[in-house]
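Data block for entry-v1.pdb (PDB, C-alpha atoms):
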```pdb
ATOM      1  CA  MET A 149     -41.331 -56.880 114.869  1.00  0.00           C
ATOM      2  CA  ALA A 150     -40.792 -53.776 112.724  1.00  0.00           C
ATOM      3  CA  THR A 151     -37.632 -53.549 110.644  1.00  0.00           C
ATOM      4  CA  LEU A 152     -35.502 -50.452 111.040  1.00  0.00           C
ATOM      5  CA  ASN A 153     -34.698 -48.319 108.015  1.00  0.00           C
ATOM      6  CA  GLU A 154     -31.089 -48.014 106.902  1.00  0.00           C
ATOM      7  CA  ASN A 155     -30.543 -44.668 108.619  1.00  0.00           C
ATOM      8  CA  ASP A 156     -31.824 -45.987 111.927  1.00  0.00           C
ATOM      9  CA  VAL A 157     -29.629 -49.083 111.624  1.00  0.00           C
ATOM     10  CA  ARG A 158     -26.541 -46.968 110.897  1.00  0.00           C
ATOM     11  CA  LYS A 159     -27.331 -44.698 113.834  1.00  0.00           C
ATOM     12  CA  ASN A 160     -27.675 -47.697 116.166  1.00  0.00           C
ATOM     13  CA  LEU A 161     -24.431 -49.220 114.899  1.00  0.00           C
ATOM     14  CA  GLU A 162     -22.542 -46.181 116.188  1.00  0.00           C
ATOM     15  CA  SER A 163     -22.904 -47.656 119.660  1.00  0.00           C
ATOM     16  CA  LEU A 164     -22.040 -51.205 118.511  1.00  0.00           C
ATOM     17  CA  PRO A 165     -18.283 -51.240 117.839  1.00  0.00           C
ATOM     18  CA  GLY A 166     -17.194 -53.684 115.137  1.00  0.00           C
ATOM     19  CA  TRP A 167     -20.620 -54.106 113.526  1.00  0.00           C
ATOM     20  CA  LYS A 168     -21.435 -52.951 110.032  1.00  0.00           C
ATOM     21  CA  LEU A 169     -24.364 -53.104 107.674  1.00  0.00           C
ATOM     22  CA  ALA A 170     -23.987 -55.889 105.100  1.00  0.00           C
ATOM     23  CA  GLY A 171     -26.864 -56.066 102.674  1.00  0.00           C
ATOM     24  CA  LYS A 172     -30.017 -56.412 104.766  1.00  0.00           C
ATOM     25  CA  ALA A 173     -28.130 -57.811 107.757  1.00  0.00           C
ATOM     26  CA  ILE A 174     -25.594 -56.519 110.246  1.00  0.00           C
ATOM     27  CA  GLU A 175     -22.347 -58.383 110.709  1.00  0.00           C
ATOM     28  CA  ARG A 176     -19.162 -58.453 112.717  1.00  0.00           C
ATOM     29  CA  GLN A 177     -15.977 -60.382 112.051  1.00  0.00           C
ATOM     30  CA  ILE A 178     -13.758 -61.227 115.003  1.00  0.00           C
ATOM     31  CA  GLU A 179     -10.270 -62.694 114.932  1.00  0.00           C
ATOM     32  CA  PHE A 180      -9.086 -64.989 117.715  1.00  0.00           C
ATOM     33  CA  PRO A 181      -5.626 -66.368 118.529  1.00  0.00           C
ATOM     34  CA  ASP A 182      -6.568 -69.799 117.166  1.00  0.00           C
ATOM     35  CA  PHE A 183      -9.402 -72.184 116.256  1.00  0.00           C
ATOM     36  CA  LYS A 184      -9.863 -73.351 119.829  1.00  0.00           C
ATOM     37  CA  ALA A 185     -10.405 -69.800 121.095  1.00  0.00           C
ATOM     38  CA  ALA A 186     -12.751 -69.133 118.171  1.00  0.00           C
ATOM     39  CA  MET A 187     -14.864 -72.204 118.986  1.00  0.00           C
ATOM     40  CA  LYS A 188     -14.998 -71.269 122.671  1.00  0.00           C
ATOM     41  CA  PHE A 189     -16.463 -67.894 121.772  1.00  0.00           C
ATOM     42  CA  VAL A 190     -18.867 -69.394 119.229  1.00  0.00           C
ATOM     43  CA  ASN A 191     -20.195 -71.665 121.982  1.00  0.00           C
ATOM     44  CA  ALA A 192     -20.708 -68.728 124.342  1.00  0.00           C
ATOM     45  CA  VAL A 193     -22.652 -66.918 121.611  1.00  0.00           C
ATOM     46  CA  ALA A 194     -24.605 -70.107 120.815  1.00  0.00           C
ATOM     47  CA  GLU A 195     -25.739 -70.312 124.430  1.00  0.00           C
ATOM     48  CA  ALA A 196     -26.849 -66.668 124.424  1.00  0.00           C
ATOM     49  CA  ALA A 197     -28.613 -67.225 121.092  1.00  0.00           C
ATOM     50  CA  GLU A 198     -30.541 -70.187 122.488  1.00  0.00           C
ATOM     51  CA  SER A 199     -31.560 -68.161 125.547  1.00  0.00           C
ATOM     52  CA  ALA A 200     -32.806 -65.305 123.379  1.00  0.00           C
ATOM     53  CA  ASN A 201     -34.183 -67.679 120.729  1.00  0.00           C
ATOM     54  CA  HIS A 202     -32.485 -65.488 118.124  1.00  0.00           C
ATOM     55  CA  HIS A 203     -29.630 -67.080 116.206  1.00  0.00           C
ATOM     56  CA  PRO A 204     -26.918 -65.345 114.233  1.00  0.00           C
ATOM     57  CA  ASP A 205     -25.545 -66.910 111.087  1.00  0.00           C
ATOM     58  CA  ILE A 206     -22.033 -68.021 112.025  1.00  0.00           C
ATOM     59  CA  THR A 207     -19.060 -68.575 109.727  1.00  0.00           C
ATOM     60  CA  ILE A 208     -15.861 -70.049 111.151  1.00  0.00           C
ATOM     61  CA  ASN A 209     -12.616 -69.913 109.158  1.00  0.00           C
ATOM     62  CA  TYR A 210     -10.000 -71.275 111.526  1.00  0.00           C
ATOM     63  CA  ASN A 211      -9.429 -68.307 113.894  1.00  0.00           C
ATOM     64  CA  LYS A 212     -11.832 -65.890 112.152  1.00  0.00           C
ATOM     65  CA  VAL A 213     -15.509 -65.874 113.027  1.00  0.00           C
ATOM     66  CA  ARG A 214     -18.205 -63.856 111.290  1.00  0.00           C
ATOM     67  CA  PHE A 215     -21.589 -63.300 112.893  1.00  0.00           C
ATOM     68  CA  ALA A 216     -24.475 -62.019 110.780  1.00  0.00           C
ATOM     69  CA  LEU A 217     -27.793 -60.950 112.241  1.00  0.00           C
ATOM     70  CA  ILE A 218     -31.081 -60.416 110.471  1.00  0.00           C
ATOM     71  CA  SER A 219     -34.688 -61.032 111.490  1.00  0.00           C
ATOM     72  CA  HIS A 220     -35.602 -63.432 108.699  1.00  0.00           C
ATOM     73  CA  ASP A 221     -39.321 -63.293 109.529  1.00  0.00           C
ATOM     74  CA  SER A 222     -39.298 -59.491 109.258  1.00  0.00           C
ATOM     75  CA  GLY A 223     -36.917 -59.348 106.286  1.00  0.00           C
ATOM     76  CA  GLY A 224     -34.473 -56.909 107.832  1.00  0.00           C
ATOM     77  CA  VAL A 225     -32.760 -55.627 110.953  1.00  0.00           C
ATOM     78  CA  THR A 226     -34.949 -55.243 114.039  1.00  0.00           C
ATOM     79  CA  GLN A 227     -34.322 -54.390 117.674  1.00  0.00           C
ATOM     80  CA  ARG A 228     -33.817 -58.132 118.311  1.00  0.00           C
ATOM     81  CA  ASP A 229     -30.737 -58.073 116.057  1.00  0.00           C
ATOM     82  CA  LEU A 230     -29.298 -54.974 117.717  1.00  0.00           C
ATOM     83  CA  LYS A 231     -29.872 -56.544 121.112  1.00  0.00           C
ATOM     84  CA  MET A 232     -28.062 -59.757 120.112  1.00  0.00           C
ATOM     85  CA  ALA A 233     -25.216 -57.750 118.559  1.00  0.00           C
ATOM     86  CA  GLY A 234     -24.860 -55.917 121.870  1.00  0.00           C
ATOM     87  CA  LYS A 235     -24.864 -59.253 123.697  1.00  0.00           C
ATOM     88  CA  ILE A 236     -22.077 -60.585 121.447  1.00  0.00           C
ATOM     89  CA  ASN A 237     -19.997 -57.459 122.122  1.00  0.00           C
ATOM     90  CA  GLN A 238     -20.627 -57.885 125.832  1.00  0.00           C
ATOM     91  CA  LEU A 239     -19.459 -61.518 125.737  1.00  0.00           C
ATOM     92  CA  LEU A 240     -16.369 -60.427 123.824  1.00  0.00           C
ATOM     93  CA  GLY A 241     -15.561 -57.910 126.538  1.00  0.00           C
ATOM     94  CA  LYS A 242     -15.583 -60.582 129.211  1.00  0.00           C
TER      95      LYS A 242
ATOM     96  CA  MET B 167       1.033 -82.507 100.225  1.00  0.00           C
ATOM     97  CA  ALA B 168       0.092 -82.976  96.563  1.00  0.00           C
ATOM     98  CA  THR B 169      -3.283 -81.728  95.395  1.00  0.00           C
ATOM     99  CA  LEU B 170      -5.517 -84.172  93.553  1.00  0.00           C
ATOM    100  CA  ASN B 171      -6.758 -83.356  90.095  1.00  0.00           C
ATOM    101  CA  GLU B 172     -10.484 -82.890  89.554  1.00  0.00           C
ATOM    102  CA  ASN B 173     -11.011 -86.411  88.202  1.00  0.00           C
ATOM    103  CA  ASP B 174      -9.307 -87.957  91.201  1.00  0.00           C
ATOM    104  CA  VAL B 175     -11.344 -85.812  93.577  1.00  0.00           C
ATOM    105  CA  ARG B 176     -14.609 -86.820  91.881  1.00  0.00           C
ATOM    106  CA  LYS B 177     -13.611 -90.471  91.989  1.00  0.00           C
ATOM    107  CA  ASN B 178     -12.838 -90.250  95.720  1.00  0.00           C
ATOM    108  CA  LEU B 179     -16.128 -88.444  96.396  1.00  0.00           C
ATOM    109  CA  GLU B 180     -18.011 -91.512  95.169  1.00  0.00           C
ATOM    110  CA  SER B 181     -17.177 -93.141  98.483  1.00  0.00           C
ATOM    111  CA  LEU B 182     -17.976 -89.986 100.504  1.00  0.00           C
ATOM    112  CA  PRO B 183     -21.780 -89.645 100.514  1.00  0.00           C
ATOM    113  CA  GLY B 184     -23.040 -86.058 100.748  1.00  0.00           C
ATOM    114  CA  TRP B 185     -19.800 -84.401  99.621  1.00  0.00           C
ATOM    115  CA  LYS B 186     -19.447 -82.479  96.402  1.00  0.00           C
ATOM    116  CA  LEU B 187     -16.810 -80.463  94.646  1.00  0.00           C
ATOM    117  CA  ALA B 188     -17.321 -76.708  95.125  1.00  0.00           C
ATOM    118  CA  GLY B 189     -14.731 -74.624  93.348  1.00  0.00           C
ATOM    119  CA  LYS B 190     -11.360 -75.806  94.599  1.00  0.00           C
ATOM    120  CA  ALA B 191     -12.810 -77.247  97.814  1.00  0.00           C
ATOM    121  CA  ILE B 192     -15.117 -80.097  98.742  1.00  0.00           C
ATOM    122  CA  GLU B 193     -18.201 -79.395 100.809  1.00  0.00           C
ATOM    123  CA  ARG B 194     -21.120 -81.017 102.546  1.00  0.00           C
ATOM    124  CA  GLN B 195     -24.244 -79.414 103.927  1.00  0.00           C
ATOM    125  CA  ILE B 196     -26.067 -81.197 106.725  1.00  0.00           C
ATOM    126  CA  GLU B 197     -29.468 -80.365 108.182  1.00  0.00           C
ATOM    127  CA  PHE B 198     -30.203 -81.018 111.851  1.00  0.00           C
ATOM    128  CA  PRO B 199     -33.472 -80.908 113.802  1.00  0.00           C
ATOM    129  CA  ASP B 200     -32.519 -77.572 115.402  1.00  0.00           C
ATOM    130  CA  PHE B 201     -29.684 -75.179 116.267  1.00  0.00           C
ATOM    131  CA  LYS B 202     -28.750 -77.079 119.423  1.00  0.00           C
ATOM    132  CA  ALA B 203     -28.244 -80.335 117.508  1.00  0.00           C
ATOM    133  CA  ALA B 204     -26.300 -78.451 114.840  1.00  0.00           C
ATOM    134  CA  MET B 205     -23.940 -76.944 117.439  1.00  0.00           C
ATOM    135  CA  LYS B 206     -23.442 -80.313 119.116  1.00  0.00           C
ATOM    136  CA  PHE B 207     -22.267 -81.795 115.834  1.00  0.00           C
ATOM    137  CA  VAL B 208     -20.090 -78.761 115.033  1.00  0.00           C
ATOM    138  CA  ASN B 209     -18.338 -79.269 118.367  1.00  0.00           C
ATOM    139  CA  ALA B 210     -17.716 -82.940 117.635  1.00  0.00           C
ATOM    140  CA  VAL B 211     -16.192 -81.986 114.278  1.00  0.00           C
ATOM    141  CA  ALA B 212     -14.178 -79.196 115.930  1.00  0.00           C
ATOM    142  CA  GLU B 213     -12.626 -81.723 118.301  1.00  0.00           C
ATOM    143  CA  ALA B 214     -11.724 -84.039 115.430  1.00  0.00           C
ATOM    144  CA  ALA B 215     -10.327 -81.073 113.488  1.00  0.00           C
ATOM    145  CA  GLU B 216      -8.107 -80.083 116.402  1.00  0.00           C
ATOM    146  CA  SER B 217      -6.849 -83.653 116.743  1.00  0.00           C
ATOM    147  CA  ALA B 218      -6.003 -83.835 113.040  1.00  0.00           C
ATOM    148  CA  ASN B 219      -4.812 -80.212 112.949  1.00  0.00           C
ATOM    149  CA  HIS B 220      -6.919 -79.790 109.819  1.00  0.00           C
ATOM    150  CA  HIS B 221      -9.872 -77.446 110.102  1.00  0.00           C
ATOM    151  CA  PRO B 222     -12.882 -77.236 107.820  1.00  0.00           C
ATOM    152  CA  ASP B 223     -14.520 -73.891 107.135  1.00  0.00           C
ATOM    153  CA  ILE B 224     -17.838 -74.069 108.966  1.00  0.00           C
ATOM    154  CA  THR B 225     -21.024 -72.129 108.240  1.00  0.00           C
ATOM    155  CA  ILE B 226     -23.961 -72.408 110.627  1.00  0.00           C
ATOM    156  CA  ASN B 227     -27.408 -71.158 109.605  1.00  0.00           C
ATOM    157  CA  TYR B 228     -29.654 -72.189 112.470  1.00  0.00           C
ATOM    158  CA  ASN B 229     -30.104 -75.949 111.836  1.00  0.00           C
ATOM    159  CA  LYS B 230     -28.060 -76.098 108.615  1.00  0.00           C
ATOM    160  CA  VAL B 231     -24.307 -76.571 108.749  1.00  0.00           C
ATOM    161  CA  ARG B 232     -21.943 -76.453 105.795  1.00  0.00           C
ATOM    162  CA  PHE B 233     -18.431 -77.847 106.022  1.00  0.00           C
ATOM    163  CA  ALA B 234     -15.877 -76.950 103.358  1.00  0.00           C
ATOM    164  CA  LEU B 235     -12.477 -78.588 103.125  1.00  0.00           C
ATOM    165  CA  ILE B 236      -9.449 -77.429 101.197  1.00  0.00           C
ATOM    166  CA  SER B 237      -5.719 -77.607 101.914  1.00  0.00           C
ATOM    167  CA  HIS B 238      -4.993 -73.887 101.800  1.00  0.00           C
ATOM    168  CA  ASP B 239      -1.235 -74.407 101.805  1.00  0.00           C
ATOM    169  CA  SER B 240      -1.499 -76.701  98.773  1.00  0.00           C
ATOM    170  CA  GLY B 241      -4.199 -74.672  97.012  1.00  0.00           C
ATOM    171  CA  GLY B 242      -6.564 -77.573  96.449  1.00  0.00           C
ATOM    172  CA  VAL B 243      -7.978 -80.844  97.711  1.00  0.00           C
ATOM    173  CA  THR B 244      -5.472 -83.306  99.173  1.00  0.00           C
ATOM    174  CA  GLN B 245      -5.729 -86.639 100.978  1.00  0.00           C
ATOM    175  CA  ARG B 246      -5.969 -84.685 104.241  1.00  0.00           C
ATOM    176  CA  ASP B 247      -9.274 -83.188 103.096  1.00  0.00           C
ATOM    177  CA  LEU B 248     -10.663 -86.544 101.999  1.00  0.00           C
ATOM    178  CA  LYS B 249      -9.641 -88.034 105.339  1.00  0.00           C
ATOM    179  CA  MET B 250     -11.369 -85.276 107.311  1.00  0.00           C
ATOM    180  CA  ALA B 251     -14.489 -85.566 105.103  1.00  0.00           C
ATOM    181  CA  GLY B 252     -14.545 -89.278 105.923  1.00  0.00           C
ATOM    182  CA  LYS B 253     -14.172 -88.468 109.618  1.00  0.00           C
ATOM    183  CA  ILE B 254     -17.125 -86.031 109.458  1.00  0.00           C
ATOM    184  CA  ASN B 255     -19.262 -88.718 107.782  1.00  0.00           C
ATOM    185  CA  GLN B 256     -18.197 -91.187 110.430  1.00  0.00           C
ATOM    186  CA  LEU B 257     -19.174 -88.800 113.239  1.00  0.00           C
ATOM    187  CA  LEU B 258     -22.526 -88.224 111.540  1.00  0.00           C
ATOM    188  CA  GLY B 259     -23.126 -91.967 111.513  1.00  0.00           C
ATOM    189  CA  LYS B 260     -22.681 -92.246 115.252  1.00  0.00           C
TER     190      LYS B 260
END
```

Exercise: express the given structure as structure tokens:
Amino acid sequence: MATLNENDVRKNLESLPGWKLAGKAIERQIEFPDFKAAMKFVNAVAEAAESANHHPDITINYNKVRFALISHDSGGVTQRDLKMAGKINQLLGK
Amino acid sequence: MATLNENDVRKNLESLPGWKLAGKAIERQIEFPDFKAAMKFVNAVAEAAESANHHPDITINYNKVRFALISHDSGGVTQRDLKMAGKINQLLGK
């Protein structure tokens, strides 16, 4: 799948609140009330990631979770990453 | 709780296979067959962490998981970190 250039990524991020460009990936950090709430959300994202067969890198620091998305096989951000970022935002809204 | 000096940490790590000193923390990276297996183990560790009220920093890159332990309030490695590292190894052995 074709990678998007930086301008296209930035344009797409305008409709993905919380996400920013970080190197060649896009990332979002989310703060939860505690570790338990953080893990619950990580598991919801993990399930969505398995369904889509597209897995964010996940960093958990107690109540703070950072998701990073990049299409490793393409070497940059593709529509698959934007789609998963949108899915994560959707799960967060639930 | 008192932090251990570097020599004491290294000595204790001799009986904690897979763990190494990384800056002021101790860490272990573990590779699983796939993301699903990685998440299953992360959840087992999360449960143990909640029980002990001592939470490792967790990084998940598909099938690779890195756990880092430090006692943030003490500013270094304490017996609590060594105990949780031992618990993680024990869970891995199951």

**Message:** From the options A:Gly224, A:Pro204, A:Gly234, A:Gly241, which residue's atoms come nearest to chain B, counting all atoms listed in the file?
**Reply:** A:Pro204

**Request:** Return the single residue from B:Lys249, B:Leu170, B:His238, B:Asp223 that is closest to Met187 (chain A), with distances computed using all atoms listed in the file.
**Result:**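 Distance minimum relative to Met187 (chain A) lands on B:Asp223.
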
Determine the residue set returned by the PyMOL selection byres ((chain B) within 10 of (chain A)) for the present structure, and present it as a PDB file with C-alpha atoms, in the frame of the given file.
```
ATOM      1  CA  PHE B 201     -29.684 -75.179 116.267  1.00  0.00           C
ATOM      2  CA  LYS B 202     -28.750 -77.079 119.423  1.00  0.00           C
ATOM      3  CA  MET B 205     -23.940 -76.944 117.439  1.00  0.00           C
ATOM      4  CA  LYS B 206     -23.442 -80.313 119.116  1.00  0.00           C
ATOM      5  CA  VAL B 208     -20.090 -78.761 115.033  1.00  0.00           C
ATOM      6  CA  ASN B 209     -18.338 -79.269 118.367  1.00  0.00           C
ATOM      7  CA  ALA B 212     -14.178 -79.196 115.930  1.00  0.00           C
ATOM      8  CA  GLU B 213     -12.626 -81.723 118.301  1.00  0.00           C
ATOM      9  CA  ALA B 215     -10.327 -81.073 113.488  1.00  0.00           C
ATOM     10  CA  GLU B 216      -8.107 -80.083 116.402  1.00  0.00           C
ATOM     11  CA  ASN B 219      -4.812 -80.212 112.949  1.00  0.00           C
ATOM     12  CA  HIS B 220      -6.919 -79.790 109.819  1.00  0.00           C
ATOM     13  CA  HIS B 221      -9.872 -77.446 110.102  1.00  0.00           C
ATOM     14  CA  PRO B 222     -12.882 -77.236 107.820  1.00  0.00           C
ATOM     15  CA  ASP B 223     -14.520 -73.891 107.135  1.00  0.00           C
ATOM     16  CA  ILE B 224     -17.838 -74.069 108.966  1.00  0.00           C
ATOM     17  CA  THR B 225     -21.024 -72.129 108.240  1.00  0.00           C
ATOM     18  CA  ILE B 226     -23.961 -72.408 110.627  1.00  0.00           C
ATOM     19  CA  ASN B 227     -27.408 -71.158 109.605  1.00  0.00           C
ATOM     20  CA  TYR B 228     -29.654 -72.189 112.470  1.00  0.00           C
ATOM     21  CA  ASN B 229     -30.104 -75.949 111.836  1.00  0.00           C
ATOM     22  CA  LYS B 230     -28.060 -76.098 108.615  1.00  0.00           C
ATOM     23  CA  VAL B 231     -24.307 -76.571 108.749  1.00  0.00           C
ATOM     24  CA  ARG B 232     -21.943 -76.453 105.795  1.00  0.00           C
ATOM     25  CA  PHE B 233     -18.431 -77.847 106.022  1.00  0.00           C
ATOM     26  CA  ALA B 234     -15.877 -76.950 103.358  1.00  0.00           C
TER      27      ALA B 234
END
```

**Nearest candidate to Val157 (chain A) (options A:Arg228, A:Leu169, A:Val193, A:Leu239; using all atoms listed in the file)** =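 Checking each candidate against Val157 (chain A), we get A:Leu169 as the closest.
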
**Request:** Could you tell me which of A:Ala185, A:Leu217, A:Ile236, A:Leu230 comes closest to Lys159 (chain A) if we count all atoms listed in the file?
**Result:**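 Of the candidates, the smallest distance to Lys159 (chain A) is held by A:Leu230.
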